[in-house]
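Trainee: Following this message is one structure expressed as structure tokens.
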Number of protein chains: 2
Amino acid sequence: MKAYEPLTIPQEDGFAEGYGFVPCEGGVCAAEGVKAAGISAGFRRNPERRDLALVVADEEAVCAGTFTQNRFCAAPVQVSRPRAASGHARAVVLNSGNANAATGQQGLEVAQASSQIVADALGCQPEDVLVASTGVIGVQLSLDCFKTGVPACADLLEHSAAAAHHAARAVMTTDTHSKQAAFVGQVPASATADGQQVTVHVGGFCKGSGMIQPNMATMLAVLSTDAPLTPAAAHEALLHAVKNTFNKVTVDSDTSTNDTCILLATGKAGGDPIDLDSPAYPAVAAAVRSVCENLGRQIAADGEGATKLVTVDVMGADSPEAADTVARSIANSPLVKTAIFGHDANWGRVAAAAGKCGVPFDQTQVDIDFLGQPVCRGGLTVPMDEDLMLKLFKQAEIPIAIDLGMGDCHARVWTCDLTHDYVTINGDYRT
Amino acid sequence: MKAYEPLTIPQEDGFAEGYGFVPCEGGVCAAEGVKAAGISAGFRRNPERRDLALVVADEEAVCAGTFTQNRFCAAPVQVSRPRAASGHARAVVLNSGNANAATGQQGLEVAQASSQIVADALGCQPEDVLVASTGVIGVQLSLDCFKTGVPACADLLEHSAAAAHHAARAVMTTDTHSKQAAFVGQVPASATADGQQVTVHVGGFCKGSGMIQPNMATMLAVLSTDAPLTPAAAHEALLHAVKNTFNKVTVDSDTSTNDTCILLATGKAGGDPIDLDSPAYPAVAAAVRSVCENLGRQIAADGEGATKLVTVDVMGADSPEAADTVARSIANSPLVKTAIFGHDANWGRVAAAAGKCGVPFDQTQVDIDFLGQPVCRGGLTVPMDEDLMLKLFKQAEIPIAIDLGMGDCHARVWTCDLTHDYVTINGDYRT
């Protein structure tokens, strides 16, 4: 039996570890100058589920944000988008249980009024408060829960891992667990890189499980750093990170109406402001990307009903766009996703998904690996060790790699399998 | 409670009924000059399932064909495409159980050799024989089943409804029933339309249940007519019909590697040849379209695991392409499809699916109906009678209509719901 080498998957630069950053505790409170809280404020019927979160900088912070491209965008997105564009913010208020989407003028007024309530509690302007909502679409969001909940939540604001955890839990919907990540590392303290270093943290939380194929941002994510990023540097670091992480995640190809990703930079780490040309910028940007990748992978792994995280690598494409199109076509194919649920290294379905999306290639040049094992070479079946495959399918993460043999471009997309539980979760009549 | 009128869905011209055609029996044998047969030839392990079909014209017939645009196209597609382009053919041989896809040079040789076996049995040239296969991908197709099966099948060729039914059954894979349709009507006998009329039949069968989002043709379909179509008229009638019927069906957004749709025109109805400018052409083309629509709807309704046929109408788009993009985005949304399985008129998911696909519109101008009932007007929820909705959800066909309020263009797409059985059918480990 002829032996085949597994495909080589390119390793990209620009991650935290390459700059000496290491994972740390604390989530969105890992960064100095950030407090958080999460409580049950009555947005949900179940009083045991937290549903209101605040993330607050001690003083006005630099801010960057990315938002859904869905035409049916929610009221909080319409309110927060211009505020984030100003480059500065003090706080983010988030609720679960109701998305405040498709709620018209009344929904916009509720979103604005909720930011006024937060501003009153913190002693800042409503323009300094960003709002984000997640939950059911098409139902008016009550302001009353903000009126009672925001002051109570503000009283509990803390710079602690426990508080970050409460905030992360408060935005969960069909998520089975909260999603946090944080990194810590050293970066040059001055723009002239004179040898002095300061300690920088980047952390955050997100939520997302269904209606997940983010376009320019994920469902809801709040990141913070104590690095003294300028608004331009914060914007660029967030945009680059989101493009390569959250926007490469797809659970069900359905882009949410509420996708929001916000980065607050407090500057409490000290040192000179970090602009795009500062020697510290690449390291901080890499840490932002690593936090986003970590959170994005958590979203895919916790996709509605998922039993597996699936990583799809497409190599040998003749453009980055072609690689991305093929990767998404595979990652969104119900036939591929159910095959993984069935522990079936069914490369014919991967090939068919690659071939359907309009990207030209020669099928006789296509190689495919499942779980690091060659299963197709030159468009033809390679004998595989079925027992080994069934053993490898017990892994939590299922890598699929395909080389189109056309060029040098690579794309990676994360998804999950399609299971009975996905149908159960989304097919149950609203109650 | 304010009353809302249901949306008006445009009725398109160009269907058989408008020209006085009526449904009839006989499937692919409804047309004069066509014989068919279907037997069990050993492609499947189960000897009780037919797996080899022949459709044969008494003499060389005019022929048109459309084929998959999937880059991973199967060997039979590669063999049949140039033969159909010649405009003439005598026979089509089809097998189920093995798609002869991703089988390389050996697969091409098997496809060609199978057509030689059919040519020998019928006394024609192999170039007059089209081949089509459906089933598992990536496994070599044995020629032996053709060697024994084709002569046996040829002995059973008959011009009868029973024979057409046997052929239709022989191409089934995960289909739960065979899919046939036929229409009969009168058309002008001469190109000068001097008042004389001849009786014309158009009929056919198809198969398809999973890996269904045809692109230029459906999984497998064979149509026949006794109308004396010229090759150009046959080609144009088939292309127009497929574009508006089979290509508007999506079960799972996965385009097959083997999609093939063939039309044989025997001319046995008599009268002058029917070219594109003949007065009889519009009626025959409409009958071809009606047969294709009938078969396409059967495919959607019998989608893997489906409990409902779903018809998505998009109105008020500013181009046909925009209407089609929005319709497919809704029809392929797993969240919409599971909501229908759950008898949930969840218009928020329809709105989110419409908004995610890049087509611009103003959400405050969007109207949505479920089952002919207004559920969203101007982007806002309309109170609905939940009891009436649950009653209407018992229908076999679930219409969803959305008006984008941007222009005058309309598109219709057919799909089905996403159920536990879809996951079971496609998640079971290959055995």
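Residue numbering restarts at 1 in every chain; chains get A, B, ... in the order shown in the structure tokens, and ligands count up from 1 in that same order.
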Counting only C-alpha atoms, give me one row per residue of chain A with an atom at most 7 Å from an atom of chain B, showing the shortest contact pair and its distance in Å to one decimal, sorted by chain then residue number, as a Markdown table.

Mentor:
| residue | atom | partner | partner_atom | distance |
| --- | --- | --- | --- | --- |
| A:Gln69 | CA | B:Lys356 | CA | 7.0 |
| A:Asn70 | CA | B:Lys356 | CA | 4.5 |
| A:Arg71 | CA | B:Gly355 | CA | 4.4 |
| A:Phe72 | CA | B:Gly355 | CA | 5.1 |
| A:Ala102 | CA | B:Leu380 | CA | 5.7 |
| A:Thr103 | CA | B:Leu380 | CA | 6.0 |
| A:Gly104 | CA | B:Leu380 | CA | 6.7 |
| A:Ile137 | CA | B:Gly348 | CA | 5.4 |
| A:Gly138 | CA | B:Thr381 | CA | 5.9 |
| A:Asp252 | CA | B:Pro334 | CA | 6.3 |
| A:Asp254 | CA | B:Ala353 | CA | 6.3 |
| A:Thr255 | CA | B:Lys356 | CA | 5.5 |
| A:Ser256 | CA | B:Ala352 | CA | 6.5 |
| A:Thr257 | CA | B:Ala352 | CA | 6.1 |
| A:Ser333 | CA | B:Asp254 | CA | 6.4 |
| A:Pro334 | CA | B:Asp252 | CA | 6.3 |
| A:Leu335 | CA | B:Asn426 | CA | 6.4 |
| A:Thr338 | CA | B:Gly427 | CA | 4.6 |
| A:Ala339 | CA | B:Gly427 | CA | 5.0 |
| A:Phe341 | CA | B:Gly427 | CA | 5.7 |
| A:Gly342 | CA | B:Gly427 | CA | 4.2 |
| A:His343 | CA | B:Tyr429 | CA | 6.4 |
| A:Asp344 | CA | B:Tyr429 | CA | 5.5 |
| A:Gly348 | CA | B:Ile137 | CA | 5.4 |
| A:Ala351 | CA | B:Phe72 | CA | 6.6 |
| A:Ala352 | CA | B:Phe72 | CA | 6.1 |
| A:Ala353 | CA | B:Asp254 | CA | 6.3 |
| A:Gly355 | CA | B:Arg71 | CA | 4.4 |
| A:Lys356 | CA | B:Asn70 | CA | 4.5 |
| A:Pro360 | CA | B:Arg71 | CA | 6.7 |
| A:Phe361 | CA | B:Arg71 | CA | 6.7 |
| A:Gln363 | CA | B:Phe72 | CA | 5.6 |
| A:Gly379 | CA | B:Ala102 | CA | 5.8 |
| A:Leu380 | CA | B:Ala102 | CA | 5.7 |
| A:Thr381 | CA | B:Gly138 | CA | 5.9 |
| A:Thr419 | CA | B:Val423 | CA | 6.0 |
| A:His420 | CA | B:His420 | CA | 5.4 |
| A:Val423 | CA | B:Thr338 | CA | 5.9 |
| A:Asn426 | CA | B:Thr338 | CA | 5.6 |
| A:Gly427 | CA | B:Gly342 | CA | 4.2 |
| A:Asp428 | CA | B:Gly342 | CA | 5.2 |
| A:Tyr429 | CA | B:Gly342 | CA | 5.1 |
| A:Arg430 | CA | B:Asp344 | CA | 6.9 |

Trainee: From the DSSP assignment of the backbone, select every residue of segment 33-267 of chain B that is alpha helix (DSSP H), and format the answer as a PDB file with C-alpha atoms, in the first residue's frame.

Mentor:
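For reference, states_17.pdb as written:
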ATOM      1  CA  ALA B  75     -17.205  10.710 -15.527  1.00  0.00           C
ATOM      2  CA  PRO B  76     -20.691  10.197 -17.072  1.00  0.00           C
ATOM      3  CA  VAL B  77     -21.125  13.992 -17.223  1.00  0.00           C
ATOM      4  CA  GLN B  78     -17.808  14.320 -19.037  1.00  0.00           C
ATOM      5  CA  VAL B  79     -18.852  11.629 -21.535  1.00  0.00           C
ATOM      6  CA  SER B  80     -22.433  12.822 -22.085  1.00  0.00           C
ATOM      7  CA  ARG B  81     -21.877  16.583 -22.307  1.00  0.00           C
ATOM      8  CA  PRO B  82     -20.287  16.612 -25.807  1.00  0.00           C
ATOM      9  CA  ARG B  83     -22.665  13.935 -27.061  1.00  0.00           C
ATOM     10  CA  ALA B  84     -25.733  15.936 -26.016  1.00  0.00           C
ATOM     11  CA  ALA B  85     -24.214  19.009 -27.674  1.00  0.00           C
ATOM     12  CA  GLY B 104     -10.310   9.379 -12.788  1.00  0.00           C
ATOM     13  CA  GLN B 105      -9.334   7.814 -16.125  1.00  0.00           C
ATOM     14  CA  GLN B 106     -10.693   4.405 -15.121  1.00  0.00           C
ATOM     15  CA  GLY B 107     -14.110   5.953 -14.445  1.00  0.00           C
ATOM     16  CA  LEU B 108     -14.129   7.634 -17.866  1.00  0.00           C
ATOM     17  CA  GLU B 109     -13.304   4.303 -19.530  1.00  0.00           C
ATOM     18  CA  VAL B 110     -16.134   2.543 -17.681  1.00  0.00           C
ATOM     19  CA  ALA B 111     -18.604   5.261 -18.720  1.00  0.00           C
ATOM     20  CA  GLN B 112     -17.525   4.990 -22.361  1.00  0.00           C
ATOM     21  CA  ALA B 113     -17.549   1.176 -22.308  1.00  0.00           C
ATOM     22  CA  SER B 114     -21.051   1.141 -20.831  1.00  0.00           C
ATOM     23  CA  SER B 115     -22.285   3.233 -23.736  1.00  0.00           C
ATOM     24  CA  GLN B 116     -20.665   0.754 -26.151  1.00  0.00           C
ATOM     25  CA  ILE B 117     -22.569  -2.102 -24.490  1.00  0.00           C
ATOM     26  CA  VAL B 118     -25.848  -0.184 -24.927  1.00  0.00           C
ATOM     27  CA  ALA B 119     -24.966   0.630 -28.553  1.00  0.00           C
ATOM     28  CA  ASP B 120     -24.328  -3.075 -29.237  1.00  0.00           C
ATOM     29  CA  ALA B 121     -27.686  -4.042 -27.696  1.00  0.00           C
ATOM     30  CA  LEU B 122     -29.618  -1.416 -29.694  1.00  0.00           C
ATOM     31  CA  ASP B 144     -19.782  -6.208 -15.202  1.00  0.00           C
ATOM     32  CA  CYS B 145     -23.238  -5.084 -14.098  1.00  0.00           C
ATOM     33  CA  PHE B 146     -23.638  -3.314 -17.459  1.00  0.00           C
ATOM     34  CA  LYS B 147     -22.450  -6.407 -19.359  1.00  0.00           C
ATOM     35  CA  THR B 148     -25.179  -8.601 -17.903  1.00  0.00           C
ATOM     36  CA  GLY B 149     -27.748  -5.916 -17.100  1.00  0.00           C
ATOM     37  CA  VAL B 150     -27.984  -3.929 -20.337  1.00  0.00           C
ATOM     38  CA  PRO B 151     -29.058  -6.849 -22.616  1.00  0.00           C
ATOM     39  CA  ALA B 152     -31.615  -7.958 -19.996  1.00  0.00           C
ATOM     40  CA  CYS B 153     -32.914  -4.411 -19.649  1.00  0.00           C
ATOM     41  CA  ALA B 154     -33.064  -3.912 -23.430  1.00  0.00           C
ATOM     42  CA  ASP B 155     -35.219  -7.044 -23.741  1.00  0.00           C
ATOM     43  CA  ALA B 161     -46.601   3.660 -18.128  1.00  0.00           C
ATOM     44  CA  ALA B 162     -45.358   0.602 -16.230  1.00  0.00           C
ATOM     45  CA  ALA B 163     -42.016   0.666 -18.036  1.00  0.00           C
ATOM     46  CA  ALA B 164     -41.639   4.414 -17.397  1.00  0.00           C
ATOM     47  CA  HIS B 165     -42.329   3.768 -13.729  1.00  0.00           C
ATOM     48  CA  HIS B 166     -39.671   1.030 -13.587  1.00  0.00           C
ATOM     49  CA  ALA B 167     -37.100   3.384 -15.128  1.00  0.00           C
ATOM     50  CA  ALA B 168     -38.033   6.155 -12.687  1.00  0.00           C
ATOM     51  CA  ARG B 169     -37.648   3.760  -9.767  1.00  0.00           C
ATOM     52  CA  ALA B 170     -34.249   2.529 -10.942  1.00  0.00           C
ATOM     53  CA  PRO B 231     -32.110  20.727 -31.956  1.00  0.00           C
ATOM     54  CA  ALA B 232     -32.043  24.511 -31.399  1.00  0.00           C
ATOM     55  CA  ALA B 233     -35.640  24.557 -30.171  1.00  0.00           C
ATOM     56  CA  ALA B 234     -35.063  21.544 -27.906  1.00  0.00           C
ATOM     57  CA  HIS B 235     -31.967  23.181 -26.446  1.00  0.00           C
ATOM     58  CA  GLU B 236     -33.657  26.528 -25.843  1.00  0.00           C
ATOM     59  CA  ALA B 237     -36.826  24.984 -24.377  1.00  0.00           C
ATOM     60  CA  LEU B 238     -34.809  22.814 -22.000  1.00  0.00           C
ATOM     61  CA  LEU B 239     -32.443  25.602 -20.944  1.00  0.00           C
ATOM     62  CA  HIS B 240     -35.273  28.025 -20.223  1.00  0.00           C
ATOM     63  CA  ALA B 241     -37.227  25.405 -18.297  1.00  0.00           C
ATOM     64  CA  VAL B 242     -34.273  24.192 -16.224  1.00  0.00           C
ATOM     65  CA  LYS B 243     -33.208  27.728 -15.355  1.00  0.00           C
ATOM     66  CA  ASN B 244     -36.650  28.513 -13.935  1.00  0.00           C
TER      67      ASN B 244
END

Trainee: Counting only C-alpha atoms, figure out which residue out of A:Gly135, A:Gly38, A:Pro10, A:Gly65 gets nearest to Ala401 of chain A.

Mentor: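 Residue with the minimum atom-to-atom distance to Ala401 of chain A: A:Pro10.
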
Trainee: Set the distance at 10 Å and use only C-alpha atoms: which residues neighbour Glu59 of chain B once local chain neighbours fewer than 5 positions away are removed? I'd like the list as a list in words.

Mentor: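 Skipping anything fewer than 5 positions along the chain leaves Gly33, Val34, Ala89, Arg90, Ala91, Cys124, Thr266, Gly267 and Lys268 of chain B.
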
Trainee: Which residue, A:Asn294, A:Val202, A:Ser190, A:Ala327, has the smallest gap to Asp272 of chain A when you use only C-alpha atoms?

Mentor: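 Checking each of A:Asn294, A:Val202, A:Ser190, A:Ala327 against Asp272 of chain A, counting only C-alpha atoms, the winner is A:Ser190.
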
Trainee: Could you give me, as an MDAnalysis selection string, each residue of segment 127-222 of chain B that DSSP assigns to strand (DSSP E) when run on this structure's backbone?

Mentor: chainID B and resid 129:136 179:188 197:207 220:222

Trainee: Any idea what's packed within 12 Å of segment 176-179 of chain B, counting only C-alpha atoms, ignoring anything in its chain fewer than 4 positions away? Could you give it as a PyMOL selection string?

Mentor: chain B and resi 26-28+50+164-172+203-210+220-223+291-307+425

Trainee: Generate the output file for the selected residues, C-alpha atoms, as a tab-separated table (two decimals), in the first residue's frame.

Mentor:
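Dumped to out.tsv:
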chain	number	residue	atom	x	y	z
B	26	GLY	CA	-47.05	7.73	-18.81
B	27	GLY	CA	-44.09	9.70	-17.51
B	28	VAL	CA	-41.14	9.45	-19.89
B	50	ARG	CA	-33.94	-1.59	-9.43
B	164	ALA	CA	-41.64	4.41	-17.40
B	165	HIS	CA	-42.33	3.77	-13.73
B	166	HIS	CA	-39.67	1.03	-13.59
B	167	ALA	CA	-37.10	3.38	-15.13
B	168	ALA	CA	-38.03	6.15	-12.69
B	169	ARG	CA	-37.65	3.76	-9.77
B	170	ALA	CA	-34.25	2.53	-10.94
B	171	VAL	CA	-32.60	5.94	-10.44
B	172	MET	CA	-33.85	6.48	-6.87
B	203	GLY	CA	-43.10	13.77	-19.96
B	204	GLY	CA	-40.23	12.59	-17.87
B	205	PHE	CA	-38.82	11.41	-14.60
B	206	CYS	CA	-36.15	12.61	-12.23
B	207	LYS	CA	-34.49	11.68	-8.99
B	208	GLY	CA	-33.01	13.81	-6.26
B	209	SER	CA	-33.29	14.15	-2.53
B	210	GLY	CA	-29.91	15.20	-1.08
B	220	LEU	CA	-30.79	13.18	-12.88
B	221	ALA	CA	-33.75	13.88	-15.13
B	222	VAL	CA	-34.82	12.40	-18.45
B	223	LEU	CA	-37.58	14.14	-20.39
B	291	VAL	CA	-42.98	19.03	-16.53
B	292	CYS	CA	-39.72	20.41	-15.09
B	293	GLU	CA	-41.56	22.48	-12.48
B	294	ASN	CA	-43.68	19.53	-11.45
B	295	LEU	CA	-40.58	17.33	-11.10
B	296	GLY	CA	-38.57	20.07	-9.35
B	297	ARG	CA	-41.30	20.56	-6.77
B	298	GLN	CA	-41.34	16.80	-6.20
B	299	ILE	CA	-37.59	16.93	-5.50
B	300	ALA	CA	-37.98	19.72	-2.96
B	301	ALA	CA	-40.95	18.05	-1.27
B	302	ASP	CA	-38.98	14.78	-1.06
B	303	GLY	CA	-35.77	16.46	0.17
B	304	GLU	CA	-33.87	14.25	2.59
B	305	GLY	CA	-35.85	14.05	5.81
B	306	ALA	CA	-38.35	16.69	4.64
B	307	THR	CA	-41.84	16.98	6.09
B	425	ILE	CA	-29.87	10.10	6.88

Trainee: In Å, rounded to a single decimal, give me how far atom CA of Phe15 of chain A is from atom CA of Ser290 of chain A.

Mentor: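 Separation between atom CA of Ser290 of chain A and atom CA of Phe15 of chain A: 5.5 Å.
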
Trainee: Which residues, written as a PyMOL selection string, have at least one atom at most 7 Å from Pro273 of chain A, with only C-alpha atoms counted and residues fewer than 5 positions away on the same chain left out?

Mentor: chain A and resi 228-230
